[in-house]
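Undergrad: Dropping a structure here in structure tokens format, bear with me for questions.
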Amino acid sequence: MTTPTAHGAPTLADFAGTIVLVGAGKMGGAMLDAWLALGLPPASVAVIEPQAAPGLTALSSRGLMLNPLLKDVREVSAIVIAVKPQVAPTVVPTLAPLLAPDTVVLSIMAGRTLGFLEGALAQQTALVRAMPNTPAAIGRGITVAAPNTKVSQRQRALVHTLLAATGLVEWVTDEGLMDAVTAVSGSGPAYVFLLAEALTLAGTSAGLPPELAAKLARATVSGSGELLNRSPLDPATLRQNVTSPGGTTAAALDVLTAADGMTGLMSRAVLAATRRSHELAG
């Protein structure tokens, strides 16, 4: 269990207990790296990952438990499930022996509901369903979390600390919002990368050398994102600040804001992703 700091917030450096990470792929691995960077001792972590990367093997020499027998894992305060949702029906039920009365289970599997987890484990289990996104790999992610009614304040604080290691955390009480969350922030990085792709191709079509177009697009998207992050202004105001009446930006925005332009297209894309997330949840 985590211990409050002088300001009342739990810290991973003060953690005493075992975190079990099930799945150490891109997202699970990013979370593990962030926990260790913030002071969680490797000996406080057990990782279940059949295809362990060399880095995991190296961590086992520092005390991390890699693919231990479940009966050998003690004082489990949290189980973090980071496997692909397709294998969840096979993997999740096998974790039941790790559960103790105070254990909280955190799932970052897309589309797998709290109801699925309750059915695969036990209805009395404290569960949190969360949706992170890929900027978590550089500590700039955002995660939305939805708890079931069994999660205590202490368990919620622990989960919040684990998720906050990779970026911002927001909590919702309505699990039904998670499909839209998945569509906006979970899938959202792909939309931004597509923008950079499209801007590169457009620049090339306008006559720029491909390498220069790619460099301009990358720097513009990343720099604008950082400006948005740092600025107190809303996106609409920032956009207006770049746009001179009758200028080049205004000419482009006339196209992008048309009825068949970016706003309508993005709305249709997010709705499609929301529907697909709901379908995957069954």
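By convention here, the chains of the structure tokens are called A, B, ... in the order presented, each chain's residues are numbered starting at 1, and ligands are numbered starting at 1 in the order presented.
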For Ala100 of chain A, work out the shell of residues within 8 Å, counting only C-alpha atoms and skipping chain neighbours fewer than 2 positions away, then give it as an mmCIF file with N, CA and C atoms, in the first residue's frame.
TA:
data_model
loop_
_atom_site.group_PDB
_atom_site.id
_atom_site.type_symbol
_atom_site.label_atom_id
_atom_site.label_comp_id
_atom_site.auth_asym_id
_atom_site.auth_seq_id
_atom_site.Cartn_x
_atom_site.Cartn_y
_atom_site.Cartn_z
ATOM 1 N N GLU A 75 1.239 -10.597 -1.007
ATOM 2 C CA GLU A 75 0.805 -9.235 -0.683
ATOM 3 C C GLU A 75 0.542 -8.407 -1.939
ATOM 4 N N VAL A 76 -0.327 -8.924 -2.793
ATOM 5 C CA VAL A 76 -0.641 -8.247 -4.048
ATOM 6 C C VAL A 76 -1.637 -7.118 -3.783
ATOM 7 N N SER A 77 -1.189 -5.895 -3.954
ATOM 8 C CA SER A 77 -2.076 -4.743 -3.766
ATOM 9 C C SER A 77 -2.771 -4.340 -5.053
ATOM 10 N N LEU A 98 -4.301 -14.689 -7.321
ATOM 11 C CA LEU A 98 -3.535 -13.553 -6.806
ATOM 12 C C LEU A 98 -4.381 -12.624 -5.954
ATOM 13 N N ASP A 102 -7.780 -6.934 -0.223
ATOM 14 C CA ASP A 102 -7.437 -5.535 -0.498
ATOM 15 C C ASP A 102 -6.903 -5.306 -1.906
ATOM 16 N N THR A 103 -6.900 -6.328 -2.740
ATOM 17 C CA THR A 103 -6.336 -6.199 -4.085
ATOM 18 C C THR A 103 -7.278 -5.421 -4.998
#
Undergrad: Hey, what's within 12 Å of Gly29 of chain A if we count only C-alpha atoms and toss same-chain stuff fewer than 4 positions away? As a count of residues only, please?
TA: 26
Undergrad: Could you give me, as a Markdown table, a per-residue list for segment 176-233 of chain A showing, wherever an atom lies at most 10 Å from an atom of segment 237-251 of chain A, the closest pair of atoms and their distance in Å to one decimal, using only C-alpha atoms and sorting by chain then residue number from low to high?
TA:
| residue | atom | partner | partner_atom | distance |
| --- | --- | --- | --- | --- |
| A:Ser224 | CA | A:Leu238 | CA | 9.5 |
| A:Leu227 | CA | A:Leu238 | CA | 9.0 |
| A:Leu228 | CA | A:Leu238 | CA | 7.7 |
| A:Ser231 | CA | A:Leu238 | CA | 8.6 |
| A:Pro232 | CA | A:Leu238 | CA | 9.7 |
| A:Leu233 | CA | A:Thr237 | CA | 6.2 |
Undergrad: With C-alpha atoms retained, write the just-selected residues as a tab-separated table (two decimals), in the first residue's frame.
TA:
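Written output follows (out.tsv):
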chain	number	residue	atom	x	y	z
A	224	SER	CA	1.76	23.52	-32.31
A	227	LEU	CA	2.08	25.58	-27.80
A	228	LEU	CA	-1.45	24.32	-27.17
A	231	SER	CA	-0.94	28.21	-23.60
A	232	PRO	CA	-3.91	29.17	-21.39
A	233	LEU	CA	-5.86	29.98	-24.57
Undergrad: Calculate how many Å separate atom CA of Val172 of chain A from atom CA of Ala30 of chain A, rounding to one decimal.
TA: 23.3 Å
Undergrad: Could you give me, as a Markdown table, a per-residue list for segment 143-238 of chain A showing, wherever an atom lies at most 12 Å from an atom of segment 106-115 of chain A, the closest pair of atoms and their distance in Å to one decimal, using only C-alpha atoms and sorting by chain then residue number from low to high?
TA:
| residue | atom | partner | partner_atom | distance |
| --- | --- | --- | --- | --- |
| A:Thr143 | CA | A:Ile108 | CA | 9.3 |
| A:Val144 | CA | A:Ile108 | CA | 9.8 |
| A:Ala145 | CA | A:Ile108 | CA | 9.0 |
| A:Ala146 | CA | A:Leu114 | CA | 8.6 |
| A:Pro147 | CA | A:Leu114 | CA | 8.1 |
| A:Asn148 | CA | A:Leu114 | CA | 7.0 |
| A:Thr149 | CA | A:Leu114 | CA | 10.4 |
| A:Lys150 | CA | A:Leu114 | CA | 11.2 |
| A:Val151 | CA | A:Leu106 | CA | 10.5 |
| A:Gln155 | CA | A:Leu106 | CA | 10.1 |
| A:Arg156 | CA | A:Leu106 | CA | 10.0 |
| A:Leu158 | CA | A:Leu106 | CA | 10.2 |
| A:Val159 | CA | A:Leu106 | CA | 7.2 |
| A:His160 | CA | A:Leu106 | CA | 10.2 |
| A:Thr161 | CA | A:Leu106 | CA | 11.9 |
| A:Leu162 | CA | A:Leu106 | CA | 9.5 |
| A:Leu163 | CA | A:Leu106 | CA | 9.5 |
| A:Thr173 | CA | A:Leu114 | CA | 11.9 |
| A:Asp174 | CA | A:Leu114 | CA | 11.2 |
| A:Glu175 | CA | A:Thr113 | CA | 8.1 |
| A:Gly176 | CA | A:Thr113 | CA | 9.4 |
| A:Leu177 | CA | A:Thr113 | CA | 11.5 |
| A:Met178 | CA | A:Gly111 | CA | 8.4 |
| A:Asp179 | CA | A:Gly111 | CA | 7.6 |
| A:Ala180 | CA | A:Gly111 | CA | 11.1 |
| A:Val181 | CA | A:Ala110 | CA | 10.5 |
| A:Thr182 | CA | A:Ala110 | CA | 7.6 |
| A:Ala183 | CA | A:Ala110 | CA | 10.6 |
| A:Gly186 | CA | A:Ala110 | CA | 8.8 |
| A:Ser187 | CA | A:Ala110 | CA | 10.5 |
Undergrad: For C-alpha atoms, I'd like the residues from the last selection saved as a PDB file, in the first residue's frame.
TA:
ATOM      1  CA  THR A 143      -5.790   8.239 -19.077  1.00  0.00           C
ATOM      2  CA  VAL A 144      -9.473   8.097 -18.219  1.00  0.00           C
ATOM      3  CA  ALA A 145     -10.444   5.650 -15.462  1.00  0.00           C
ATOM      4  CA  ALA A 146     -13.810   4.225 -14.383  1.00  0.00           C
ATOM      5  CA  PRO A 147     -14.087   2.287 -11.084  1.00  0.00           C
ATOM      6  CA  ASN A 148     -16.694  -0.188  -9.965  1.00  0.00           C
ATOM      7  CA  THR A 149     -18.502   0.277  -6.660  1.00  0.00           C
ATOM      8  CA  LYS A 150     -16.056  -1.981  -4.786  1.00  0.00           C
ATOM      9  CA  VAL A 151     -13.080   0.385  -5.131  1.00  0.00           C
ATOM     10  CA  GLN A 155      -7.414   1.720  -3.752  1.00  0.00           C
ATOM     11  CA  ARG A 156      -8.425   4.597  -5.999  1.00  0.00           C
ATOM     12  CA  LEU A 158      -3.114   3.739  -5.550  1.00  0.00           C
ATOM     13  CA  VAL A 159      -4.530   3.334  -9.062  1.00  0.00           C
ATOM     14  CA  HIS A 160      -4.332   7.078  -9.631  1.00  0.00           C
ATOM     15  CA  THR A 161      -0.657   7.053  -8.649  1.00  0.00           C
ATOM     16  CA  LEU A 162       0.100   4.173 -11.008  1.00  0.00           C
ATOM     17  CA  LEU A 163      -1.672   5.864 -13.922  1.00  0.00           C
ATOM     18  CA  THR A 173     -18.333   7.381 -12.832  1.00  0.00           C
ATOM     19  CA  ASP A 174     -20.213   6.461 -16.020  1.00  0.00           C
ATOM     20  CA  GLU A 175     -18.461   3.540 -17.703  1.00  0.00           C
ATOM     21  CA  GLY A 176     -20.590   4.178 -20.774  1.00  0.00           C
ATOM     22  CA  LEU A 177     -18.362   7.145 -21.579  1.00  0.00           C
ATOM     23  CA  MET A 178     -15.375   4.874 -22.156  1.00  0.00           C
ATOM     24  CA  ASP A 179     -16.285   4.128 -25.779  1.00  0.00           C
ATOM     25  CA  ALA A 180     -16.144   7.843 -26.611  1.00  0.00           C
ATOM     26  CA  VAL A 181     -12.973   8.228 -24.527  1.00  0.00           C
ATOM     27  CA  THR A 182     -11.386   5.460 -26.577  1.00  0.00           C
ATOM     28  CA  ALA A 183     -12.438   7.218 -29.785  1.00  0.00           C
ATOM     29  CA  GLY A 186      -7.203   6.412 -27.066  1.00  0.00           C
ATOM     30  CA  SER A 187      -7.279   6.526 -30.870  1.00  0.00           C
TER      31      SER A 187
END
Undergrad: Within segment 85-183 of chain A, find each residue whose DSSP state, derived from the backbone, is strand (DSSP E), and express the selection as a VMD selection string.
TA: chain A and resid 104 to 107 126 to 131 141 to 147 167 to 171
